[in-house]
Amino acid sequence: FSDIFEGARLSARALLDYGENFFNPTIRLGVTGLSRAGKTVFITALVHGLSRGGRFPVFESLASGRIARAQLAPQPDDAVPRFSYEHHVNTLITERRWPSSTVDISELRLVIGYQRQNGLDQTLTLDIVDYPGEWLLDLPLLDKSYEQWSAESLALSRQQPRARLAHAWHDHLATLRPSAREDEQATLAAARLFTDYLRACRDERFAMSLLPPGRFLMPGNLAGSPALTFAPLDLPSGGIPIDGSLWTMMRRRYEAYKDLVVRPFFRDHFSRLDRQIVLVDTLAAFNSGPEALYDLEAALAGILDCYRVGRSTLLSTLLRPRIDRILFAATKADHLHHTSHDRLEAILRRIVERAASRAEVAGAAIDVVALAAVRATREAQVRCGREKLPSILGTPLAGEAANGETFDGNTEVATFPGDLPEDVKELFSGNGAFRGLSTSAMDQADFRFLRFRPPRLQNEGTGEPSLPHIRLDRALQFLIGDRLQ
Ligand code: GDP
């Protein structure tokens with residue numbers, strides 16, 4: 001019955017949305033990606049560019065002058081926090097610091113006034129919904145029992161490099177008997193050690209992606225609640241839990257997590273999206289090695305799988321998300337020379353293709369782009385002996401250090417970014433060809449992980465000064481260009 005009730009609520013909401021969309025054309029654009037993928041920066045740059053006439057040559061409606069204005073309007077959903085655009089834009093542009101990252105869902109409404117191709121004036125409402133990708137990776141849990149999830153999480157944690165990071169949790173796990181009496185302290189300890197393990201996997205050096213339950217890393221307003229206090233157990237296959245046991249307790253909380261966290265997120269947010277951009281810090285995964293890339297692929301397959309959640313049920317047509325375009329974007333492309341942008345895109349495309357072949361995606365157009373929502377670097381040829389090498393120039397953030405030098409936040413340095421491999425197939429052939437970014441022999445300093453300060457606004461020609469970017473306009477064209485015809 002709860003499924004039928006859920007279906008009815010969903011279809012009522014879908015009808016309301018449909019009615020509103022009929023009179024007032026609206027796109028609900030989901031912006032997601034794992035923590036630090038670049039969501040906050042992306043949304044801030046996108047809204048700034050749209051509302052202040054950014055340099056977007058590939059975004060046809062703006063480039064051709066058909067967009068008359070784009071203005072913020074009151075955020076429509078009373079229960080969702082507003083995306084702090086003004087604060088973020090001030091941090092990014094006035095203070096030239098990166099804004100604070102996404103930790104919860106937030107939303108922003110932008111109303112775009114434009115002239116249609118046939119000359120008529122029209123408006124399009126763009127609702128941008130920012131949410132942690134960690135939450136998206138929870139959706140596949142809806143189809144999994146506690147026992148399945150436990151077995152999968154354990155199997156994954158026994159593979160390298162995860163196994164190295166799981167010692168403390170595994171040691172504790174070995175002391176737990178699933179049939180023992182339920183025990184709050186043991187459960188708290190297990191949840192804490194399991195969360196520590198997940199967090200260690202997320203560390204920059206390992207850059208693992210597939211780490212559900214997402215709220216363990218991004219708790220939002222649920223930190224410390226029982227629905228977040230459980231962990232996998234090493235269960236006998238085919239066994240049956242006894243009432244009052246640790247197993248039953250963990251299983252009950254896992255189900256509570258699905259009911260209180262995952263289903264409401266699916267119903268209230270995910271199922272209402274029309275378009276989706278998934279931001280991926282592909283370079284971070286690339287630099288961490290092949291395991292991180294395979295893990296990323298599994299995570300993207302999990303994400304793509306979300307588009308078929310509910311299809312096997314009676315209410316499939318009602319529950320099916322209506323997303324018709326998904327863009328996967330490799331962020332922070334400004335850390336590479338432009339000669340490598342296409343290669344970065346090719347790497348992500350390959351990962352997405354492999355993930356798509358594992359998942360069943362229905363009815364959505366998928367594309368891939370490598371972008372920098374805010375371009376913090378410039379390019380230059382730097383003389384090195386007799387050679388001139390293509391390099392990037394940027395101002396490392398105050399406190400960043402490389403090769404014994406600590407930067408003050410005002411000094412520009414030239415770095416020779418590593419090259420990405422030309423042949424992406426090699427990366428996945430498993431023949432050990434994978435070495436991470438190959439750096440030039442001339443480049444003694446390892447600047448690869450340096451974080452640069454945001455740039456100054458660029459003042460070109462007579463237009464308003466704008467933020468430099470890489471391919472942000474291509475992303476916009478794919479995501480909303482067709483609705484501005
Ligand atoms: P979120 O957790 O997905 O919201 O990630 P943020 O948008 O806060 O980005 C995390 C960090 O990545 C920022 O603080 C920046 O250091 C870096 N970053 C994000 N986007 C860009 C970009 O376009 N260029 C550069 N150079 N760095 C970026």
# chains A, B, ... in the order shown; residues from 1 in each chain; ligands from 1
call {"tool": "residues_near_ligand", "arguments": {"ligand": "ligand 1", "cutoff": "9 Å", "atoms": "only C-alpha atoms and all ligand atoms", "output": "PDB file with N, CA and C atoms, in the first residue's frame"}}
result
ATOM      1  N   VAL A  31      21.948  19.962 -10.381  1.00  0.00           N
ATOM      2  CA  VAL A  31      23.409  20.055 -10.463  1.00  0.00           C
ATOM      3  C   VAL A  31      23.962  19.186  -9.350  1.00  0.00           C
ATOM      4  N   THR A  32      24.667  18.138  -9.734  1.00  0.00           N
ATOM      5  CA  THR A  32      25.182  17.241  -8.707  1.00  0.00           C
ATOM      6  C   THR A  32      26.600  16.812  -9.006  1.00  0.00           C
ATOM      7  N   GLY A  33      27.179  16.057  -8.101  1.00  0.00           N
ATOM      8  CA  GLY A  33      28.563  15.611  -8.214  1.00  0.00           C
ATOM      9  C   GLY A  33      29.034  15.378  -6.795  1.00  0.00           C
ATOM     10  N   LEU A  34      30.050  14.531  -6.642  1.00  0.00           N
ATOM     11  CA  LEU A  34      30.530  14.251  -5.294  1.00  0.00           C
ATOM     12  C   LEU A  34      31.132  15.508  -4.686  1.00  0.00           C
ATOM     13  N   SER A  35      31.310  15.468  -3.386  1.00  0.00           N
ATOM     14  CA  SER A  35      31.818  16.623  -2.666  1.00  0.00           C
ATOM     15  C   SER A  35      33.109  17.134  -3.312  1.00  0.00           C
ATOM     16  N   ARG A  36      33.207  18.428  -3.496  1.00  0.00           N
ATOM     17  CA  ARG A  36      34.333  19.139  -4.089  1.00  0.00           C
ATOM     18  C   ARG A  36      34.476  18.922  -5.595  1.00  0.00           C
ATOM     19  N   ALA A  37      33.456  18.400  -6.233  1.00  0.00           N
ATOM     20  CA  ALA A  37      33.516  18.237  -7.693  1.00  0.00           C
ATOM     21  C   ALA A  37      33.428  19.594  -8.379  1.00  0.00           C
ATOM     22  N   GLY A  38      32.812  20.591  -7.720  1.00  0.00           N
ATOM     23  CA  GLY A  38      32.725  21.921  -8.327  1.00  0.00           C
ATOM     24  C   GLY A  38      31.307  22.437  -8.516  1.00  0.00           C
ATOM     25  N   LYS A  39      30.331  21.937  -7.745  1.00  0.00           N
ATOM     26  CA  LYS A  39      28.924  22.329  -7.929  1.00  0.00           C
ATOM     27  C   LYS A  39      28.695  23.808  -7.604  1.00  0.00           C
ATOM     28  N   THR A  40      29.202  24.238  -6.433  1.00  0.00           N
ATOM     29  CA  THR A  40      28.949  25.616  -6.006  1.00  0.00           C
ATOM     30  C   THR A  40      29.565  26.598  -7.007  1.00  0.00           C
ATOM     31  N   VAL A  41      30.783  26.308  -7.421  1.00  0.00           N
ATOM     32  CA  VAL A  41      31.462  27.191  -8.368  1.00  0.00           C
ATOM     33  C   VAL A  41      30.708  27.193  -9.704  1.00  0.00           C
ATOM     34  N   PHE A  42      30.265  26.031 -10.138  1.00  0.00           N
ATOM     35  CA  PHE A  42      29.545  25.916 -11.415  1.00  0.00           C
ATOM     36  C   PHE A  42      28.275  26.772 -11.395  1.00  0.00           C
ATOM     37  N   ILE A  43      27.468  26.635 -10.343  1.00  0.00           N
ATOM     38  CA  ILE A  43      26.189  27.358 -10.304  1.00  0.00           C
ATOM     39  C   ILE A  43      26.444  28.867 -10.210  1.00  0.00           C
ATOM     40  N   THR A  44      27.403  29.242  -9.379  1.00  0.00           N
ATOM     41  CA  THR A  44      27.695  30.668  -9.226  1.00  0.00           C
ATOM     42  C   THR A  44      28.128  31.257 -10.571  1.00  0.00           C
ATOM     43  N   ALA A  45      29.019  30.567 -11.276  1.00  0.00           N
ATOM     44  CA  ALA A  45      29.517  31.083 -12.558  1.00  0.00           C
ATOM     45  C   ALA A  45      28.407  31.098 -13.609  1.00  0.00           C
ATOM     46  N   ARG A  97      38.225  34.448  -3.553  1.00  0.00           N
ATOM     47  CA  ARG A  97      38.397  33.173  -2.839  1.00  0.00           C
ATOM     48  C   ARG A  97      37.346  32.213  -3.364  1.00  0.00           C
ATOM     49  N   TRP A  98      37.555  30.914  -3.176  1.00  0.00           N
ATOM     50  CA  TRP A  98      36.541  29.940  -3.604  1.00  0.00           C
ATOM     51  C   TRP A  98      35.426  29.920  -2.574  1.00  0.00           C
ATOM     52  N   PRO A  99      34.184  29.862  -2.994  1.00  0.00           N
ATOM     53  CA  PRO A  99      33.080  29.850  -2.023  1.00  0.00           C
ATOM     54  C   PRO A  99      33.024  28.535  -1.251  1.00  0.00           C
ATOM     55  N   SER A 100      32.267  28.520  -0.152  1.00  0.00           N
ATOM     56  CA  SER A 100      32.157  27.270   0.615  1.00  0.00           C
ATOM     57  C   SER A 100      31.298  26.275  -0.160  1.00  0.00           C
ATOM     58  N   SER A 101      31.655  24.992  -0.012  1.00  0.00           N
ATOM     59  CA  SER A 101      31.075  23.956  -0.876  1.00  0.00           C
ATOM     60  C   SER A 101      29.680  23.519  -0.441  1.00  0.00           C
ATOM     61  N   THR A 102      29.031  22.787  -1.337  1.00  0.00           N
ATOM     62  CA  THR A 102      27.705  22.221  -1.070  1.00  0.00           C
ATOM     63  C   THR A 102      27.750  21.178   0.046  1.00  0.00           C
ATOM     64  N   VAL A 103      26.885  21.311   1.051  1.00  0.00           N
ATOM     65  CA  VAL A 103      26.755  20.240   2.045  1.00  0.00           C
ATOM     66  C   VAL A 103      25.310  19.779   2.176  1.00  0.00           C
ATOM     67  N   ASP A 130      20.733  22.265  -6.449  1.00  0.00           N
ATOM     68  CA  ASP A 130      22.091  21.829  -6.128  1.00  0.00           C
ATOM     69  C   ASP A 130      22.000  20.764  -5.033  1.00  0.00           C
ATOM     70  N   TYR A 131      22.514  19.576  -5.256  1.00  0.00           N
ATOM     71  CA  TYR A 131      22.474  18.571  -4.180  1.00  0.00           C
ATOM     72  C   TYR A 131      23.689  17.651  -4.256  1.00  0.00           C
ATOM     73  N   PRO A 132      24.129  17.129  -3.092  1.00  0.00           N
ATOM     74  CA  PRO A 132      25.316  16.282  -3.070  1.00  0.00           C
ATOM     75  C   PRO A 132      25.126  15.000  -3.887  1.00  0.00           C
ATOM     76  N   GLY A 133      26.125  14.667  -4.688  1.00  0.00           N
ATOM     77  CA  GLY A 133      26.076  13.433  -5.483  1.00  0.00           C
ATOM     78  C   GLY A 133      26.042  12.203  -4.596  1.00  0.00           C
ATOM     79  N   LEU A 279      28.716  16.647 -12.217  1.00  0.00           N
ATOM     80  CA  LEU A 279      30.086  17.147 -12.267  1.00  0.00           C
ATOM     81  C   LEU A 279      31.024  16.099 -11.688  1.00  0.00           C
ATOM     82  N   VAL A 280      32.134  15.878 -12.371  1.00  0.00           N
ATOM     83  CA  VAL A 280      33.053  14.820 -11.955  1.00  0.00           C
ATOM     84  C   VAL A 280      34.470  15.376 -11.916  1.00  0.00           C
ATOM     85  N   ASP A 281      35.135  15.241 -10.787  1.00  0.00           N
ATOM     86  CA  ASP A 281      36.532  15.664 -10.728  1.00  0.00           C
ATOM     87  C   ASP A 281      37.377  14.532 -11.317  1.00  0.00           C
ATOM     88  N   THR A 331      35.333  18.500 -14.459  1.00  0.00           N
ATOM     89  CA  THR A 331      35.541  19.890 -14.022  1.00  0.00           C
ATOM     90  C   THR A 331      37.030  20.222 -13.895  1.00  0.00           C
ATOM     91  N   LYS A 332      37.300  21.490 -13.650  1.00  0.00           N
ATOM     92  CA  LYS A 332      38.647  22.013 -13.371  1.00  0.00           C
ATOM     93  C   LYS A 332      39.613  21.787 -14.535  1.00  0.00           C
ATOM     94  N   ALA A 333      39.090  21.849 -15.764  1.00  0.00           N
ATOM     95  CA  ALA A 333      39.931  21.628 -16.949  1.00  0.00           C
ATOM     96  C   ALA A 333      41.019  22.692 -17.053  1.00  0.00           C
ATOM     97  N   ASP A 334      40.857  23.805 -16.311  1.00  0.00           N
ATOM     98  CA  ASP A 334      41.895  24.849 -16.375  1.00  0.00           C
ATOM     99  C   ASP A 334      43.190  24.414 -15.706  1.00  0.00           C
ATOM    100  N   HIS A 335      43.219  23.229 -15.088  1.00  0.00           N
ATOM    101  CA  HIS A 335      44.480  22.706 -14.564  1.00  0.00           C
ATOM    102  C   HIS A 335      45.328  22.077 -15.674  1.00  0.00           C
ATOM    103  N   LEU A 371      35.174  20.927 -18.711  1.00  0.00           N
ATOM    104  CA  LEU A 371      34.985  22.375 -18.555  1.00  0.00           C
ATOM    105  C   LEU A 371      35.703  22.908 -17.319  1.00  0.00           C
ATOM    106  N   ALA A 372      35.830  24.220 -17.293  1.00  0.00           N
ATOM    107  CA  ALA A 372      36.184  24.923 -16.054  1.00  0.00           C
ATOM    108  C   ALA A 372      35.142  26.014 -15.930  1.00  0.00           C
ATOM    109  N   ALA A 373      34.297  25.911 -14.898  1.00  0.00           N
ATOM    110  CA  ALA A 373      33.244  26.922 -14.730  1.00  0.00           C
ATOM    111  C   ALA A 373      33.893  28.276 -14.501  1.00  0.00           C
ATOM    112  N   VAL A 374      35.025  28.260 -13.798  1.00  0.00           N
ATOM    113  CA  VAL A 374      35.806  29.475 -13.594  1.00  0.00           C
ATOM    114  C   VAL A 374      37.252  29.136 -13.938  1.00  0.00           C
ATOM    115  N   ARG A 375      37.778  29.862 -14.899  1.00  0.00           N
ATOM    116  CA  ARG A 375      39.131  29.548 -15.345  1.00  0.00           C
ATOM    117  C   ARG A 375      40.130  30.350 -14.521  1.00  0.00           C
ATOM    118  N   ALA A 376      40.882  29.640 -13.686  1.00  0.00           N
ATOM    119  CA  ALA A 376      41.796  30.318 -12.764  1.00  0.00           C
ATOM    120  C   ALA A 376      43.196  30.454 -13.348  1.00  0.00           C
ATOM    121  N   THR A 377      43.410  29.938 -14.542  1.00  0.00           N
ATOM    122  CA  THR A 377      44.763  29.975 -15.117  1.00  0.00           C
ATOM    123  C   THR A 377      44.756  30.615 -16.500  1.00  0.00           C
ATOM    124  N   GLY A 394      49.160  30.639 -13.024  1.00  0.00           N
ATOM    125  CA  GLY A 394      48.094  30.845 -12.055  1.00  0.00           C
ATOM    126  C   GLY A 394      48.682  31.330 -10.749  1.00  0.00           C
ATOM    127  N   LEU A 397      46.787  29.624  -4.154  1.00  0.00           N
ATOM    128  CA  LEU A 397      46.130  30.173  -2.963  1.00  0.00           C
ATOM    129  C   LEU A 397      47.168  30.399  -1.869  1.00  0.00           C
ATOM    130  N   ARG A 451      46.174  24.471  -5.722  1.00  0.00           N
ATOM    131  CA  ARG A 451      44.890  25.125  -5.963  1.00  0.00           C
ATOM    132  C   ARG A 451      45.169  26.592  -6.246  1.00  0.00           C
ATOM    133  N   PHE A 452      44.601  27.079  -7.341  1.00  0.00           N
ATOM    134  CA  PHE A 452      44.857  28.462  -7.730  1.00  0.00           C
ATOM    135  C   PHE A 452      43.747  29.378  -7.225  1.00  0.00           C
ATOM    136  N   ARG A 453      44.102  30.658  -7.062  1.00  0.00           N
ATOM    137  CA  ARG A 453      43.084  31.645  -6.678  1.00  0.00           C
ATOM    138  C   ARG A 453      42.168  31.904  -7.851  1.00  0.00           C
ATOM    139  N   PRO A 454      40.900  32.217  -7.567  1.00  0.00           N
ATOM    140  CA  PRO A 454      40.007  32.604  -8.666  1.00  0.00           C
ATOM    141  C   PRO A 454      40.568  33.843  -9.375  1.00  0.00           C
ATOM    142  N   HIS A 469      36.082  31.310 -18.418  1.00  0.00           N
ATOM    143  CA  HIS A 469      35.666  29.916 -18.198  1.00  0.00           C
ATOM    144  C   HIS A 469      36.163  29.063 -19.360  1.00  0.00           C
ATOM    145  N   ILE A 470      35.972  27.774 -19.266  1.00  0.00           N
ATOM    146  CA  ILE A 470      36.258  26.882 -20.402  1.00  0.00           C
ATOM    147  C   ILE A 470      35.008  26.048 -20.669  1.00  0.00           C
TER     148      ILE A 470
END
call {"tool": "residues_around", "arguments": {"residues": "stretch 54-61 of chain A", "least_positions_apart": "3", "cutoff": "9 Å", "atoms": "only C-alpha atoms", "output": "PyMOL selection string"}}
result
chain A and resi 46+48-51+64-67+114-116+463-469+471-478+481+484-485
call {"tool": "select_by_dssp", "arguments": {"residues": "stretch 14-67 of chain A", "states": "strand (DSSP E)", "output": "VMD selection string"}}
result
chain A and resid 26 to 33 67
call {"tool": "write_last_selection", "arguments": {"atoms": "N, CA and C atoms", "output": "short mmCIF file (atom, residue, chain, number, x, y, z; two decimals), in the first residue's frame"}}
result
data_model
loop_
_atom_site.label_atom_id
_atom_site.label_comp_id
_atom_site.auth_asym_id
_atom_site.auth_seq_id
_atom_site.Cartn_x
_atom_site.Cartn_y
_atom_site.Cartn_z
N THR A 26 9.08 25.85 -17.61
CA THR A 26 10.09 25.75 -16.54
C THR A 26 11.00 24.56 -16.79
N ILE A 27 12.27 24.74 -16.51
CA ILE A 27 13.19 23.60 -16.49
C ILE A 27 13.72 23.48 -15.07
N ARG A 28 13.61 22.28 -14.51
CA ARG A 28 14.28 22.03 -13.23
C ARG A 28 15.60 21.32 -13.54
N LEU A 29 16.69 22.07 -13.32
CA LEU A 29 18.01 21.55 -13.64
C LEU A 29 18.70 21.08 -12.36
N GLY A 30 19.01 19.81 -12.29
CA GLY A 30 19.75 19.27 -11.14
C GLY A 30 21.24 19.44 -11.38
N VAL A 31 21.95 19.96 -10.38
CA VAL A 31 23.41 20.05 -10.46
C VAL A 31 23.96 19.19 -9.35
N THR A 32 24.67 18.14 -9.73
CA THR A 32 25.18 17.24 -8.71
C THR A 32 26.60 16.81 -9.01
N GLY A 33 27.18 16.06 -8.10
CA GLY A 33 28.56 15.61 -8.21
C GLY A 33 29.03 15.38 -6.80
N ILE A 67 18.58 36.67 -25.90
CA ILE A 67 18.23 36.73 -24.47
C ILE A 67 18.26 38.19 -24.03
#
call {"tool": "residues_around", "arguments": {"residues": "A:Ala398", "least_positions_apart": "4", "cutoff": "9 Å", "atoms": "only C-alpha atoms", "output": "ChimeraX atom specification"}}
result
/A:406-410,452-453
call {"tool": "write_last_selection", "arguments": {"atoms": "N, CA and C atoms", "output": "PDB file, in the first residue's frame"}}
result
ATOM      1  N   THR A 406      56.224  28.109   0.111  1.00  0.00           N
ATOM      2  CA  THR A 406      54.838  28.387   0.504  1.00  0.00           C
ATOM      3  C   THR A 406      54.410  29.686  -0.146  1.00  0.00           C
ATOM      4  N   PHE A 407      53.267  29.656  -0.818  1.00  0.00           N
ATOM      5  CA  PHE A 407      52.856  30.821  -1.597  1.00  0.00           C
ATOM      6  C   PHE A 407      52.036  31.797  -0.764  1.00  0.00           C
ATOM      7  N   ASP A 408      52.101  33.076  -1.156  1.00  0.00           N
ATOM      8  CA  ASP A 408      51.439  34.122  -0.364  1.00  0.00           C
ATOM      9  C   ASP A 408      50.094  34.540  -0.938  1.00  0.00           C
ATOM     10  N   GLY A 409      49.652  33.920  -2.015  1.00  0.00           N
ATOM     11  CA  GLY A 409      48.345  34.257  -2.584  1.00  0.00           C
ATOM     12  C   GLY A 409      48.407  35.423  -3.559  1.00  0.00           C
ATOM     13  N   ASN A 410      49.589  35.967  -3.781  1.00  0.00           N
ATOM     14  CA  ASN A 410      49.703  37.075  -4.737  1.00  0.00           C
ATOM     15  C   ASN A 410      50.762  36.831  -5.806  1.00  0.00           C
ATOM     16  N   PHE A 452      44.601  27.079  -7.341  1.00  0.00           N
ATOM     17  CA  PHE A 452      44.857  28.462  -7.730  1.00  0.00           C
ATOM     18  C   PHE A 452      43.747  29.378  -7.225  1.00  0.00           C
ATOM     19  N   ARG A 453      44.102  30.658  -7.062  1.00  0.00           N
ATOM     20  CA  ARG A 453      43.084  31.645  -6.678  1.00  0.00           C
ATOM     21  C   ARG A 453      42.168  31.904  -7.851  1.00  0.00           C
TER      22      ARG A 453
END
call {"tool": "residues_around", "arguments": {"residues": "stretch 68-84 of chain A", "least_positions_apart": "5", "cutoff": "6 Å", "atoms": "only C-alpha atoms", "output": "list of chain:residue names"}}
result
A:Ser51, A:Ser106, A:Glu107, A:Leu108, A:Arg109, A:Leu110, A:Val111, A:Ile112, A:Gly113, A:Tyr114
call {"tool": "write_last_selection", "arguments": {"atoms": "N, CA and C atoms", "output": "mmCIF file, in the first residue's frame"}}
result
data_model
loop_
_atom_site.group_PDB
_atom_site.id
_atom_site.type_symbol
_atom_site.label_atom_id
_atom_site.label_comp_id
_atom_site.auth_asym_id
_atom_site.auth_seq_id
_atom_site.Cartn_x
_atom_site.Cartn_y
_atom_site.Cartn_z
ATOM 1 N N SER A 51 23.173 36.184 -16.057
ATOM 2 C CA SER A 51 22.520 37.434 -15.667
ATOM 3 C C SER A 51 23.357 38.654 -16.027
ATOM 4 N N SER A 106 20.049 22.797 -2.086
ATOM 5 C CA SER A 106 19.612 24.194 -2.132
ATOM 6 C C SER A 106 19.104 24.474 -3.547
ATOM 7 N N GLU A 107 18.430 25.597 -3.679
ATOM 8 C CA GLU A 107 17.753 25.846 -4.950
ATOM 9 C C GLU A 107 17.772 27.333 -5.279
ATOM 10 N N LEU A 108 17.708 27.647 -6.574
ATOM 11 C CA LEU A 108 17.709 29.043 -7.011
ATOM 12 C C LEU A 108 16.851 29.146 -8.266
ATOM 13 N N ARG A 109 16.060 30.230 -8.362
ATOM 14 C CA ARG A 109 15.215 30.406 -9.557
ATOM 15 C C ARG A 109 15.707 31.588 -10.383
ATOM 16 N N LEU A 110 15.839 31.331 -11.668
ATOM 17 C CA LEU A 110 16.284 32.361 -12.603
ATOM 18 C C LEU A 110 15.229 32.455 -13.703
ATOM 19 N N VAL A 111 14.768 33.674 -13.994
ATOM 20 C CA VAL A 111 13.772 33.819 -15.061
ATOM 21 C C VAL A 111 14.442 34.479 -16.260
ATOM 22 N N ILE A 112 14.377 33.781 -17.386
ATOM 23 C CA ILE A 112 15.074 34.248 -18.585
ATOM 24 C C ILE A 112 14.054 34.801 -19.589
ATOM 25 N N GLY A 113 14.184 36.082 -19.932
ATOM 26 C CA GLY A 113 13.319 36.665 -20.951
ATOM 27 C C GLY A 113 14.058 36.620 -22.285
ATOM 28 N N TYR A 114 13.412 36.050 -23.297
ATOM 29 C CA TYR A 114 14.118 35.899 -24.577
ATOM 30 C C TYR A 114 13.152 36.051 -25.743
#
call {"tool": "atom_distance", "arguments": {"atom1": "atom CA of A:Pro417", "atom2": "atom CA of A:Glu345"}}
result
16.3 Å
call {"tool": "closest_atom_pairs", "arguments": {"of": "stretch 124-187 of chain A", "to": "stretch 251-272 of chain A", "cutoff": "10 Å", "atoms": "only C-alpha atoms", "output": "JSON lines"}}
result
{"residue": "A:Val129", "atom": "CA", "partner": "A:His269", "partner_atom": "CA", "distance": 8.3}
{"residue": "A:Tyr131", "atom": "CA", "partner": "A:His269", "partner_atom": "CA", "distance": 9.2}
{"residue": "A:Trp135", "atom": "CA", "partner": "A:Val262", "partner_atom": "CA", "distance": 7.6}
{"residue": "A:Leu136", "atom": "CA", "partner": "A:Phe270", "partner_atom": "CA", "distance": 8.2}
{"residue": "A:Leu137", "atom": "CA", "partner": "A:Val262", "partner_atom": "CA", "distance": 9.8}
{"residue": "A:Asp138", "atom": "CA", "partner": "A:Val262", "partner_atom": "CA", "distance": 6.5}
{"residue": "A:Leu139", "atom": "CA", "partner": "A:Val262", "partner_atom": "CA", "distance": 6.4}
{"residue": "A:Pro140", "atom": "CA", "partner": "A:Val262", "partner_atom": "CA", "distance": 9.4}
{"residue": "A:Leu141", "atom": "CA", "partner": "A:Lys258", "partner_atom": "CA", "distance": 7.4}
{"residue": "A:Leu142", "atom": "CA", "partner": "A:Lys258", "partner_atom": "CA", "distance": 6.5}
{"residue": "A:Asp143", "atom": "CA", "partner": "A:Lys258", "partner_atom": "CA", "distance": 9.9}
{"residue": "A:Lys144", "atom": "CA", "partner": "A:Glu255", "partner_atom": "CA", "distance": 9.8}
{"residue": "A:Ser145", "atom": "CA", "partner": "A:Glu255", "partner_atom": "CA", "distance": 8.2}
{"residue": "A:Tyr146", "atom": "CA", "partner": "A:Arg251", "partner_atom": "CA", "distance": 5.5}
{"residue": "A:Glu147", "atom": "CA", "partner": "A:Arg251", "partner_atom": "CA", "distance": 7.9}
{"residue": "A:Trp149", "atom": "CA", "partner": "A:Tyr254", "partner_atom": "CA", "distance": 9.4}
{"residue": "A:Ser150", "atom": "CA", "partner": "A:Arg251", "partner_atom": "CA", "distance": 9.7}
call {"tool": "atom_distance", "arguments": {"atom1": "atom CA of A:Arg162", "atom2": "atom CA of A:Leu300"}}
result
18.4 Å
call {"tool": "atom_distance", "arguments": {"atom1": "atom CA of A:Phe328", "atom2": "atom CA of A:Arg96"}}
result
27.0 Å
call {"tool": "closest_residue", "arguments": {"among": "A:Cys306, A:Ile392, A:Leu92, A:Leu273", "to": "A:Arg322", "atoms": "only C-alpha atoms"}}
result
A:Leu273
call {"tool": "select_by_dssp", "arguments": {"residues": "stretch 323-361 of chain A", "states": "alpha helix (DSSP H)", "output": "JSON, numbers by chain"}}
result
{"A": [341, 342, 343, 344, 345, 346, 347, 348, 349, 350, 351, 352, 353, 354, 355, 356, 357, 358]}
call {"tool": "residues_around", "arguments": {"residues": "A:Ser288", "least_positions_apart": "2", "cutoff": "6 Å", "atoms": "only C-alpha atoms", "output": "PDB file with N, CA and C atoms, in the first residue's frame"}}
result
ATOM      1  N   ARG A 205      44.037  11.202  -2.006  1.00  0.00           N
ATOM      2  CA  ARG A 205      45.015  10.233  -2.528  1.00  0.00           C
ATOM      3  C   ARG A 205      44.336   9.005  -3.133  1.00  0.00           C
ATOM      4  N   PHE A 206      43.119   8.698  -2.672  1.00  0.00           N
ATOM      5  CA  PHE A 206      42.459   7.491  -3.180  1.00  0.00           C
ATOM      6  C   PHE A 206      41.294   7.829  -4.093  1.00  0.00           C
ATOM      7  N   ALA A 285      40.474  11.701  -9.896  1.00  0.00           N
ATOM      8  CA  ALA A 285      40.404  10.236  -9.995  1.00  0.00           C
ATOM      9  C   ALA A 285      41.567   9.732 -10.843  1.00  0.00           C
ATOM     10  N   PHE A 286      41.828  10.433 -11.936  1.00  0.00           N
ATOM     11  CA  PHE A 286      42.908  10.035 -12.842  1.00  0.00           C
ATOM     12  C   PHE A 286      44.249  10.011 -12.123  1.00  0.00           C
TER      13      PHE A 286
END
